[in-house]
Every structure is written in C-alpha cells, then in structure tokens.
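So the structure is just underneath, and the comments pick up after that.
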Amino acid sequence: MLDAKFTREHIHTVEEALLSRNYQWDSSAFLAADARRRELIAQAEALKAQRNTSSKRIGELMKAGCKEEAEAAKEEVRTWGEHIDTLDKELTEVEASLSSELLDLPNLPSTTTPKGVGEEDNVEVRRWGTPPAFNFEPEAHWDLGTNLGIIDFERAVKLAKSRFVLLGGLGASLERALINFMADTHISRGYKEWWGPVLANSETLTGTGNLPKFESDLFKTTEGLYLIPTAEVMLTNIHRDEVLSAAELPLWYCAFTACFREEAGAAGRDTRGLIRVHQFDKVEMVKFAHPDDSFDQLESMVADAENILQLLGLPYRVIELCTGDLGFASTKTYDLEVWLPSYQDYKEISSCSNCGDFQARRANIRMRDEAMGNKPQFLHTLNGSGLAVGRTMAALLENYQRADGSVAIPEVLQPYMRGIKEIPCK
RNA sequence: GGAGAGAUGGCUGAGCGGCUGAAAGCGGCGGUCUCGAAAACCGUUUGUCCGGCAACCCCGGGCACGGGGGUUCAAAUCCCCCUCUCUCCGCCA
C-alpha cells in the first residue's frame with residue numbers, strides 16, 4: 001500500500017511511476033476523497049473538543065447541585081452529538097473508499113528498476129553454466145518422468161483434477177531430497193527456518209498484497225480461509241502488527257511449504273509437466289530489513305538462490321524485471337531462469353523481490369531505530385524463491401538425462417537420496 | 001461437537017459512568033553512588049490521526065482498554081452482536 005500523505009503530496013510522481021508499470025491511475029477520486037476526509041476530521045474533532053469540555057463542566061455542575069444549569073448544557077451538547085454522528089458517518093464512508101482505492105494500487109518501481117513495458121524489456125544481468133549438448137534426442141521431463149515411473153499425471157487427475165501431480169518411488173524421494181537440500185543450504189547461510197499453517201486468513205493475505213485484488217488466484221475454504229500461494233505469505237505475516245528493534249535487523253527467514261494456486265487465467269499455458277500446477281512445493285526466503293540496506297539485502301538474497309542452482313549444476317540466467325513486468329507488491333525484482341531443454345529456453349525458477357515498505361504498511365510491520373528518533377517506522381520486506389521444487393525437478397530430469405532414458409543424481413543430492421546416484425530405467 | 005471462563009500499555013495485573021491514557025509491579029531508558037559493575041535510590045517510559053511549524057523536535061486537539069453497534073451530556077466501566085483465546089468433556093493423527 002502506498003502512503004496516503006506521500007501520494008497526495010507527490011501525485012504526479014506517483015501517477016508517472018504507476019504509468020511506468022502500465023497502470024493508468026485516475027487520481028481525481030482519490031484526491032477528492034482525501035481532501036474531504038481531512039475536512040470532515042477537522043469539523044468533527046472541533047465539535048468533539050467542545051463536547052469534552054462541556055461534559056466535564058456538566059459533571060462539575062451536577063456535583064455542585066446546579067441541576068437546572070446542567071440540564072440546559074446537556075440539551076446543547078446533545079445537538080452537537082447529532083452533528084458529530086452525521087460527520088463521522090460520512091467519514092467512515094470516505095475512509096472506506098480511500099483505503100479500497102489505495103489497497104488496489106501496485107507498488108512504485110524503484111528508481112533503479114529498468115524502464116520498460118513488458119517481458120521483452122527485461123534486462124539480462126548474467127548467465128551461469130552452459131546448456132548441455134546432447135548427442136541424442138533429449139526428452140521433456142513429463143515424458144522422462146512417466147517413462148521412469150516416478151511421475152504419474154493420469155492418476156493425479158483421478159485423485160484431484162488436472163494440473164495436479166503424483167510422484168512415486170524415487171520421484172517422491174527426489175522431491176523430499178530437494179526440499180531438505182535447499183532448506184539446509186539456506187539455514188547454513190544464516191536463515192532461520194520456520195514451519196507453519198498453509199491456510200491463512202484474509203488479514204494475512206491482505207498484508208502481503210494477495211487480497212483484495214487477486215482473490216481469484218487463490219483457493220478458498222468454506223471456513224473463509226485461503227490456501228497460501230507461497231510461504232512468503234506466512235513468513236512475512238509472522239511479524240504483522242509488531243514493532244521490531246532496528247538492532248535485530250535484518251532477519252533472514254526461510255520455510256518449506258506446499259503452495260496452492262488457482263491458475264485461473266493460465267488456461268492453455270504450460271499445460272504439460274511440472275511447470276504450472278495447482279499444488280507445488282517451494283522453499284521460500286523472506287527478509288525483514290532496515291530501509292537503508294534493503295537493496296543490498298536483495299542482492300545477497302539473489303546470491304542465495306543462485307547458490308542452489310550452482311550447487312545443483314543447473315545452467316541459469318539472472319533477469320532484472322523492467323517496470324512494466326514487475327509484480328504488484330515489488331519495487332525491484334530479479335528472476336532466476338533455469339535452462340529447460342524441452343523449452344529450448346530459460347524458464348523462471350525463482351523470483352526475488354524487494355517490496356520496500358509496501359507490505360510493511362499493509363501488514364503494519366514496523367521497527368524502532370534510536371538513530372532515527374526512536375519512533376516506530378515501517379521496515380522493508382523482501383522475498384525470494386529458493387527454489388520452486390517442482391520446476392527444479394523438471395530442470396534436473398531434463399538436464400541430467402542420459403541417452404538410455406535414465407537420469408543422474410547431482411552429487412550434492414545423493415546424501416539426501418540414500419546415496420542413490422541415478423534414477424534407472426524401469 | 002457439548003459445557004464454562006476470559007480479552008486492559010513491551011509483560012504481569014488493578015480499575016464505584018465523570019478527578020483514568022489508564023494504579024502497582026516487572027522490563028526499558030536516563031541519573032546518583034562506584035575504579036567499574038551489581039544492589040539500592042531518584043527520575044522517565046503507549047500508539048495513531050488532524051492542525052500549526054522548515055521539522056520525524058515542539059505546541060493544540062481527536063481517537064484507541066479484542067472488533068462493531070447501542071444507551072448517556074459523558075463509557076475501560078452499562079446493554080447487544082461478532083471474533084479470538086483458554087479450561088474441562090467427547091472425538092481424533
């Protein structure tokens with residue numbers, strides 16, 4: 001959420017920044033409501049101040065036994081009260097429309113975010129590794145997985161519906177191995193691990209920016225809870241409505257969870273395999289940072305995600321998203337894209353974002369810094385995938401496949417796979 | 001699912017409808033003492049919104065005792081609804 005006061009005072013800057021991410025905002029309704037809000041507050045508060053003074057006097061008159069005078073004063077104050085009610089009622093309405101307006105606005109891109117309208121304007125920052133050159137016809141992971149008997153798409157559909165996945169045997173083991181390998185690696189680099197609910201209430205989803213605007217992306221239970229689309233939701237909201245000490249920042253958190261996405265608008269895209277499914281596993285990193293160094297924290301978070309790909313020996317590139325391609329809550333984002341032979345292209349496997357104070361304001365996550373007046377102020381939140389497990393498995397199968405259809409297990413994963421070195425043909 | 005209890009400041013915990021933004025203790029911060037520390041003692045310590053101001057200092061005012069409504073000149077205190085938490089029983093991995 002943007003700061004109302006900042007938005008009011010820098011309305012053109014905000015409009016332009018939003019436009020740079022393809023969001024055309026008509027600010028007139030906001031400005032009118034904002035002005036009306038302050039007008040109503042001024043009027044209502046003046047009356048309330050009067051009322052408080054008079055009420056105090058009435059109490060004294062009653063005590064002194066001046067009954068007549070007290071009754072007269074009561075009558076007067078009563079009419080003020082009616083006026084106050086009218087003003088407050090309108091104020092409630094104005095504030096509701098104001099906040100719904102603000103809740104729907106995306107974050108402003110950082111000044112360092114490259115300008116652009118879409119995907120094609122994203123900037124490639126660096127590449128690591130070399131895509132494998134096969135001396136045979138490589139297979140896509142959905143065929144590999146099916147042939148090896150470790151992925152069963154058909155039975156998954158029977159159990160749930162399309163876009164769900166069933167892993168069997170070494171496929172299931174590989175899933176667990178990847179999760180543990182990723183989490184352990186992050187923990188060894190200083191992240192604190194958490195485990196928590198994969199259902200979240202609406203306040204939690206509003207805090208991260210998934211609600212109210214993107215409800216259709218989420219699975220909702222009959223209890224009014226939502227299945228989380230990412231552990232970012234859980235991790236970021238851990239400190240909702242809290243005031244942290246600046247001295248304890250930055251906090252580095254990570255968690256493995258299942259993630260659930262409705263993918264309502266993705267019909268026809270990535271329909272095969274593990275790339276786009278309703279339920280997938282992910283190890284997520286979240287940081288709470290001082291505003292002064294959140295951008296440095298973003299760089300190191302990207303390095304932590306890259307580290308996983310490097311240890312797994314998977315070729316990838318780092319993309320910096322342009323303003324037009326930025327996610328709703330982000331001010332600056334790097335995507336990691338892994339090489340997928342079946343796509344003959346790089347495919348997103350991690351997204352690391354600095355959200356600035358956008359989520360912190362929504363979720364009311366603040367810090368107290370003695371060097372900055374000791375008043376609570378919003379901190380910065382960051383999140384990044386480290387990594388999406390399903391897509392990692394897809395990349396692993398495809399990049400490590402051999403001519404006979406078997407798949408080698410990278411060395412770092414073998415300890416997590418009971419020492420197994422390959423997934424053999426059936 | 002059944003029965004009951006509760007929700008107050010960073011924490012514990014008081015609070016006859018007006019003198020309570022809130023006692024007391026703990027914690028935190030500052031000081032006295034000390035070579036230094038501890039102890040003791042003294043002082044201090046909520047957040048937010050609106051307005052003034054160059055100002056996140058400060059000044060004036062509003063609001064906040066889980067959330068929402070009501071009664072009243074006036075509500076932490078009375079009434080109603082909701083949410084959440086806890087305890088016991090039942091069921092259960």
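Simple scheme: letters A, B, ... for chains in structure tokens order, numbers from 1 for residues in each chain, numbers from 1 for ligands in the order shown.
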
Could the residues of chain B that have an atom at most 12 Å from chain A be listed as a Markdown table, each with its closest atom pair and the distance in Å to one decimal, counting only C-alpha atoms (C1' of nucleotides) and ordered by chain and ascending residue number?
```
| residue | atom | partner | partner_atom | distance |
| --- | --- | --- | --- | --- |
| B:G10 | C1' | A:Val243 | CA | 9.8 |
| B:G17 | C1' | A:Gly59 | CA | 10.8 |
| B:G18 | C1' | A:Gly59 | CA | 5.8 |
| B:C19 | C1' | A:Lys56 | CA | 9.9 |
| B:C29 | C1' | A:Glu370 | CA | 11.2 |
| B:U46 | C1' | A:Lys375 | CA | 11.5 |
| B:G47 | C1' | A:Pro376 | CA | 9.2 |
| B:U48 | C1' | A:Pro376 | CA | 10.9 |
| B:C49 | C1' | A:Ile41 | CA | 9.0 |
| B:C50 | C1' | A:Ala42 | CA | 6.3 |
| B:G51 | C1' | A:Ala42 | CA | 7.8 |
| B:C56 | C1' | A:Gly373 | CA | 6.7 |
| B:C57 | C1' | A:Gly373 | CA | 9.3 |
| B:G60 | C1' | A:Ala49 | CA | 11.0 |
| B:G61 | C1' | A:Ala49 | CA | 6.9 |
| B:G62 | C1' | A:Glu45 | CA | 5.2 |
| B:C63 | C1' | A:Glu45 | CA | 9.5 |
| B:U72 | C1' | A:Arg78 | CA | 9.7 |
| B:C73 | C1' | A:Lys74 | CA | 4.3 |
| B:A74 | C1' | A:Ser55 | CA | 5.5 |
```

Near-Arg276 in chain A list (9 Å; only C-alpha atoms (C1' of nucleotides); drop same-chain fewer than 2 positions) as a PyMOL selection string: chain A and resi 163+263+266+269-274+278-280+390-391

For range 344-356 of chain A: contacts at 9 Å, only C-alpha atoms (C1' of nucleotides), fewer than 2 positions along chain excluded, given as a VMD selection string: chain A and resid 107 110 275 285 289 291 294 to 295 297 to 299 301 to 302 305 to 306 315 to 317 327 329 to 342 358 to 360 379 to 389 391 to 392

Emit the selected residues as a short mmCIF file (atom, residue, chain, number, x, y, z; two decimals), in the first residue's frame, including N, CA and C atoms.
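Written out: selection-v3.cif:
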```cif
data_model
loop_
_atom_site.label_atom_id
_atom_site.label_comp_id
_atom_site.auth_asym_id
_atom_site.auth_seq_id
_atom_site.Cartn_x
_atom_site.Cartn_y
_atom_site.Cartn_z
N ASN A 107 2.73 -1.29 -6.06
CA ASN A 107 3.87 -0.56 -5.51
C ASN A 107 4.54 0.28 -6.59
N SER A 110 11.25 0.95 -8.03
CA SER A 110 12.44 1.66 -7.58
C SER A 110 13.01 2.47 -8.74
N ILE A 275 5.56 -27.65 -14.65
CA ILE A 275 5.86 -26.22 -14.66
C ILE A 275 4.76 -25.38 -14.03
N MET A 285 12.46 -17.77 0.86
CA MET A 285 13.25 -16.91 1.74
C MET A 285 12.50 -15.60 1.92
N ALA A 289 14.12 -6.03 6.58
CA ALA A 289 15.35 -5.25 6.51
C ALA A 289 15.12 -3.79 6.87
N PRO A 291 15.31 0.02 6.06
CA PRO A 291 15.18 0.69 4.77
C PRO A 291 16.52 1.08 4.16
N SER A 294 17.97 -2.38 2.32
CA SER A 294 17.14 -3.43 1.75
C SER A 294 17.59 -3.81 0.34
N PHE A 295 18.18 -2.87 -0.39
CA PHE A 295 18.61 -3.22 -1.74
C PHE A 295 19.86 -4.09 -1.73
N GLN A 297 20.36 -6.17 0.68
CA GLN A 297 19.78 -7.44 1.12
C GLN A 297 19.18 -8.21 -0.06
N LEU A 298 18.65 -7.46 -1.01
CA LEU A 298 18.09 -8.12 -2.20
C LEU A 298 19.21 -8.81 -2.98
N GLU A 299 20.32 -8.12 -3.17
CA GLU A 299 21.43 -8.72 -3.91
C GLU A 299 21.90 -10.01 -3.24
N MET A 301 20.22 -11.94 -1.31
CA MET A 301 19.18 -12.96 -1.41
C MET A 301 19.23 -13.65 -2.78
N VAL A 302 19.44 -12.86 -3.81
CA VAL A 302 19.58 -13.43 -5.15
C VAL A 302 20.77 -14.39 -5.18
N ALA A 305 19.80 -17.68 -3.73
CA ALA A 305 19.01 -18.50 -4.65
C ALA A 305 19.91 -19.08 -5.73
N GLU A 306 20.82 -18.26 -6.24
CA GLU A 306 21.75 -18.72 -7.28
C GLU A 306 22.61 -19.86 -6.76
N PRO A 315 22.27 -24.82 -15.38
CA PRO A 315 22.55 -23.54 -16.05
C PRO A 315 21.36 -22.59 -15.89
N TYR A 316 21.70 -21.33 -15.66
CA TYR A 316 20.61 -20.36 -15.45
C TYR A 316 21.08 -18.97 -15.87
N ARG A 317 20.13 -18.08 -15.91
CA ARG A 317 20.48 -16.67 -16.10
C ARG A 317 19.68 -15.83 -15.11
N GLY A 327 5.92 -7.39 -10.33
CA GLY A 327 4.77 -7.86 -9.59
C GLY A 327 4.14 -6.75 -8.77
N ALA A 329 3.45 -6.13 -5.63
CA ALA A 329 3.99 -5.60 -4.37
C ALA A 329 5.45 -5.17 -4.48
N SER A 330 6.06 -5.45 -5.60
CA SER A 330 7.51 -5.29 -5.70
C SER A 330 7.94 -3.91 -6.18
N THR A 331 9.10 -3.49 -5.69
CA THR A 331 9.70 -2.26 -6.20
C THR A 331 10.91 -2.58 -7.06
N LYS A 332 11.47 -3.78 -6.87
CA LYS A 332 12.59 -4.23 -7.68
C LYS A 332 12.66 -5.75 -7.61
N THR A 333 12.78 -6.40 -8.77
CA THR A 333 12.73 -7.86 -8.81
C THR A 333 13.79 -8.43 -9.74
N TYR A 334 14.47 -9.48 -9.25
CA TYR A 334 15.31 -10.30 -10.11
C TYR A 334 14.65 -11.66 -10.26
N ASP A 335 14.58 -12.15 -11.48
CA ASP A 335 14.13 -13.52 -11.71
C ASP A 335 15.33 -14.38 -12.04
N LEU A 336 15.31 -15.60 -11.52
CA LEU A 336 16.29 -16.58 -11.95
C LEU A 336 15.59 -17.52 -12.91
N GLU A 337 16.19 -17.74 -14.06
CA GLU A 337 15.60 -18.62 -15.06
C GLU A 337 16.54 -19.78 -15.33
N VAL A 338 16.01 -20.97 -15.22
CA VAL A 338 16.83 -22.16 -15.39
C VAL A 338 16.68 -22.68 -16.83
N TRP A 339 17.75 -23.31 -17.32
CA TRP A 339 17.69 -23.84 -18.68
C TRP A 339 16.85 -25.10 -18.73
N LEU A 340 15.84 -25.08 -19.62
CA LEU A 340 14.97 -26.24 -19.81
C LEU A 340 15.10 -26.72 -21.26
N PRO A 341 15.78 -27.84 -21.49
CA PRO A 341 15.95 -28.36 -22.85
C PRO A 341 14.63 -28.51 -23.60
N SER A 342 13.56 -28.90 -22.92
CA SER A 342 12.29 -29.11 -23.62
C SER A 342 11.72 -27.80 -24.14
N PHE A 358 5.97 -1.42 1.14
CA PHE A 358 4.63 -1.66 0.60
C PHE A 358 3.85 -2.68 1.43
N GLN A 359 4.48 -3.82 1.69
CA GLN A 359 3.82 -4.84 2.51
C GLN A 359 3.84 -4.44 3.98
N ALA A 360 4.92 -3.82 4.40
CA ALA A 360 5.04 -3.43 5.81
C ALA A 360 3.91 -2.49 6.20
N LEU A 379 9.42 -0.95 8.17
CA LEU A 379 10.66 -1.52 7.68
C LEU A 379 10.42 -2.00 6.24
N HIS A 380 11.41 -2.68 5.68
CA HIS A 380 11.27 -3.19 4.32
C HIS A 380 11.20 -4.72 4.34
N THR A 381 10.39 -5.27 3.45
CA THR A 381 10.29 -6.72 3.36
C THR A 381 10.78 -7.18 1.99
N LEU A 382 11.40 -8.35 2.00
CA LEU A 382 11.88 -8.95 0.76
C LEU A 382 11.45 -10.41 0.74
N ASN A 383 11.31 -10.94 -0.46
CA ASN A 383 11.01 -12.37 -0.56
C ASN A 383 11.62 -12.93 -1.82
N GLY A 384 11.95 -14.22 -1.75
CA GLY A 384 12.53 -14.86 -2.93
C GLY A 384 12.38 -16.36 -2.84
N SER A 385 12.21 -16.98 -4.00
CA SER A 385 12.11 -18.45 -4.01
C SER A 385 13.50 -19.04 -3.95
N GLY A 386 13.59 -20.07 -3.16
CA GLY A 386 14.94 -20.64 -3.06
C GLY A 386 14.97 -22.17 -2.97
N LEU A 387 14.35 -22.89 -3.87
CA LEU A 387 13.68 -22.53 -5.12
C LEU A 387 12.32 -23.20 -5.19
N ALA A 388 11.66 -23.02 -6.34
CA ALA A 388 10.45 -23.78 -6.62
C ALA A 388 10.88 -25.23 -6.89
N VAL A 389 10.37 -26.16 -6.08
CA VAL A 389 10.90 -27.52 -6.11
C VAL A 389 10.48 -28.28 -7.38
N ARG A 391 9.72 -27.17 -10.36
CA ARG A 391 10.46 -26.72 -11.55
C ARG A 391 11.92 -27.15 -11.47
N THR A 392 12.44 -27.22 -10.24
CA THR A 392 13.81 -27.69 -10.09
C THR A 392 13.90 -29.15 -10.52
#
```

Let's see if you can do this: from backbone DSSP, list all alpha helix (DSSP H) residues in range 190-386 of chain A, as an NGL selection string. :A and (202-208 or 231-237 or 294-312 or 358-363)

Just the selected residues (N, CA and C atoms), exported as a short mmCIF file (atom, residue, chain, number, x, y, z; two decimals), in the first residue's frame, please.
```cif
data_model
loop_
_atom_site.label_atom_id
_atom_site.label_comp_id
_atom_site.auth_asym_id
_atom_site.auth_seq_id
_atom_site.Cartn_x
_atom_site.Cartn_y
_atom_site.Cartn_z
N SER A 202 -7.86 -13.70 5.94
CA SER A 202 -7.84 -12.62 4.95
C SER A 202 -6.92 -11.48 5.36
N GLU A 203 -6.74 -11.24 6.65
CA GLU A 203 -5.81 -10.18 7.08
C GLU A 203 -4.39 -10.52 6.61
N THR A 204 -4.04 -11.79 6.78
CA THR A 204 -2.71 -12.24 6.37
C THR A 204 -2.50 -12.05 4.87
N LEU A 205 -3.50 -12.45 4.09
CA LEU A 205 -3.36 -12.32 2.63
C LEU A 205 -3.38 -10.86 2.19
N THR A 206 -4.06 -10.02 2.96
CA THR A 206 -4.08 -8.60 2.63
C THR A 206 -2.71 -7.98 2.91
N GLY A 207 -2.08 -8.47 3.96
CA GLY A 207 -0.77 -7.96 4.34
C GLY A 207 0.27 -8.10 3.24
N THR A 208 0.26 -9.24 2.56
CA THR A 208 1.26 -9.45 1.52
C THR A 208 0.81 -8.88 0.17
N ALA A 231 4.99 -19.48 0.66
CA ALA A 231 5.32 -19.34 2.08
C ALA A 231 5.63 -17.90 2.44
N GLU A 232 5.85 -17.06 1.43
CA GLU A 232 6.05 -15.63 1.68
C GLU A 232 4.91 -15.09 2.53
N VAL A 233 3.70 -15.58 2.26
CA VAL A 233 2.52 -15.11 2.97
C VAL A 233 2.66 -15.38 4.46
N MET A 234 3.04 -16.59 4.79
CA MET A 234 3.20 -16.98 6.19
C MET A 234 4.38 -16.26 6.83
N LEU A 235 5.52 -16.28 6.15
CA LEU A 235 6.74 -15.72 6.74
C LEU A 235 6.63 -14.21 6.95
N THR A 236 6.10 -13.52 5.96
CA THR A 236 6.01 -12.06 6.08
C THR A 236 5.06 -11.66 7.19
N ASN A 237 3.98 -12.42 7.35
CA ASN A 237 2.98 -12.06 8.35
C ASN A 237 3.35 -12.48 9.77
N SER A 294 17.97 -2.38 2.32
CA SER A 294 17.14 -3.43 1.75
C SER A 294 17.59 -3.81 0.34
N PHE A 295 18.18 -2.87 -0.39
CA PHE A 295 18.61 -3.22 -1.74
C PHE A 295 19.86 -4.09 -1.73
N ASP A 296 20.73 -3.86 -0.74
CA ASP A 296 21.87 -4.78 -0.57
C ASP A 296 21.38 -6.16 -0.17
N GLN A 297 20.36 -6.17 0.68
CA GLN A 297 19.78 -7.44 1.12
C GLN A 297 19.18 -8.21 -0.06
N LEU A 298 18.65 -7.46 -1.01
CA LEU A 298 18.09 -8.12 -2.20
C LEU A 298 19.21 -8.81 -2.98
N GLU A 299 20.32 -8.12 -3.17
CA GLU A 299 21.43 -8.72 -3.91
C GLU A 299 21.90 -10.01 -3.24
N SER A 300 22.01 -9.99 -1.92
CA SER A 300 22.51 -11.19 -1.25
C SER A 300 21.48 -12.31 -1.28
N MET A 301 20.22 -11.94 -1.31
CA MET A 301 19.18 -12.96 -1.41
C MET A 301 19.23 -13.65 -2.78
N VAL A 302 19.44 -12.86 -3.81
CA VAL A 302 19.58 -13.43 -5.15
C VAL A 302 20.77 -14.39 -5.18
N ALA A 303 21.85 -13.99 -4.53
CA ALA A 303 23.03 -14.86 -4.47
C ALA A 303 22.71 -16.17 -3.77
N ASP A 304 21.86 -16.10 -2.74
CA ASP A 304 21.49 -17.32 -2.02
C ASP A 304 20.66 -18.25 -2.91
N ALA A 305 19.80 -17.68 -3.73
CA ALA A 305 19.01 -18.50 -4.65
C ALA A 305 19.91 -19.08 -5.73
N GLU A 306 20.82 -18.26 -6.24
CA GLU A 306 21.75 -18.72 -7.28
C GLU A 306 22.61 -19.86 -6.76
N ASN A 307 22.99 -19.75 -5.50
CA ASN A 307 23.83 -20.77 -4.88
C ASN A 307 23.23 -22.17 -5.03
N ILE A 308 21.92 -22.25 -4.88
CA ILE A 308 21.25 -23.56 -5.00
C ILE A 308 21.42 -24.10 -6.42
N LEU A 309 21.18 -23.24 -7.40
CA LEU A 309 21.30 -23.69 -8.79
C LEU A 309 22.74 -24.08 -9.12
N GLN A 310 23.68 -23.33 -8.57
CA GLN A 310 25.09 -23.64 -8.84
C GLN A 310 25.47 -24.98 -8.22
N LEU A 311 25.02 -25.20 -6.98
CA LEU A 311 25.35 -26.46 -6.32
C LEU A 311 24.72 -27.64 -7.08
N LEU A 312 23.56 -27.39 -7.67
CA LEU A 312 22.90 -28.45 -8.42
C LEU A 312 23.45 -28.56 -9.84
N PHE A 358 5.97 -1.42 1.14
CA PHE A 358 4.63 -1.66 0.60
C PHE A 358 3.85 -2.68 1.43
N GLN A 359 4.48 -3.82 1.69
CA GLN A 359 3.82 -4.84 2.51
C GLN A 359 3.84 -4.44 3.98
N ALA A 360 4.92 -3.82 4.40
CA ALA A 360 5.04 -3.43 5.81
C ALA A 360 3.91 -2.49 6.20
N ARG A 361 3.54 -1.60 5.27
CA ARG A 361 2.45 -0.67 5.59
C ARG A 361 1.13 -1.43 5.66
N ARG A 362 0.92 -2.34 4.73
CA ARG A 362 -0.32 -3.13 4.75
C ARG A 362 -0.40 -3.98 6.01
N ALA A 363 0.71 -4.59 6.37
CA ALA A 363 0.71 -5.55 7.48
C ALA A 363 1.12 -4.88 8.79
#
```

Could you give me the residues within range 206-311 of chain A that DSSP places in strand (DSSP E or B), as a PyMOL selection string? chain A and resi 220+226-227+242-245+251-260+279-289

In terms of the shortest atom-to-atom distance over only C-alpha atoms, which of A:Ala33, A:Leu174, A:Ile228, A:Ile420 is closest to Ala4 in chain A? A:Ala33

Which residues, written as a count of residues only, have at least one atom at most 9 Å from G15 in chain B, with only C-alpha atoms (C1' of nucleotides) counted and residues fewer than 2 positions away on the same chain left out? 5

Atom pair C1' of G2 in chain B / C1' of C89 in chain B: separation (Å): 7.4 Å

Gap from CA of Cys425 in chain A to CA of Asn147 in chain A - Å, one decimal: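 Computing it gives 7.6 Å between the two atoms.
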
Please provide the set of residues having any atom within 9 Å of range 213-227 of chain A, restricted to only C-alpha atoms (C1' of nucleotides), with same-chain residues fewer than 4 positions apart removed, written as a compact mmCIF listing (two decimals) with C-alpha atoms, in the first residue's frame.
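Output file around.txt follows:
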```txt
# COMPACT_ATOMS: atom_id res chain seq x y z
CA LEU A 103 -5.23 -1.25 -1.45
CA ASP A 104 -5.68 -1.77 -5.19
CA VAL A 198 -0.65 -23.33 4.87
CA LEU A 199 -4.10 -21.89 5.40
CA ALA A 200 -4.26 -18.19 6.08
CA ASN A 201 -6.95 -15.68 6.98
CA SER A 202 -7.84 -12.62 4.95
CA LEU A 205 -3.36 -12.32 2.63
CA THR A 206 -4.08 -8.60 2.63
CA GLY A 209 -0.94 -7.93 -1.18
CA CYS A 259 1.92 -23.74 -2.38
CA PHE A 260 -1.52 -23.59 -3.94
CA ARG A 261 -2.56 -21.56 -6.94
CA GLU A 262 -5.83 -21.45 -8.77
CA GLU A 263 -4.10 -20.57 -12.09
CA ALA A 264 -7.48 -19.40 -13.35
CA GLY A 265 -6.01 -17.17 -16.02
```

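We find CA of Lys282 in chain A and CA of Thr257 in chain A to be spaced 5.8 Å apart.
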
Need to verify the contact set: U44 in chain B, 12 Å, only C-alpha atoms (C1' of nucleotides), exclusion of same-chain residues closer than 5 positions in sequence. Can you return it as a list in words? G28, C29, G30 and G31 of chain B

Would you list the contacts of C88 in chain B as a PyMOL selection string, taking every protein, DNA or RNA residue within 12 Å and counting only C-alpha atoms (C1' of nucleotides), but skipping same-chain residues closer than 5 positions in sequence? chain B and resi 2-5
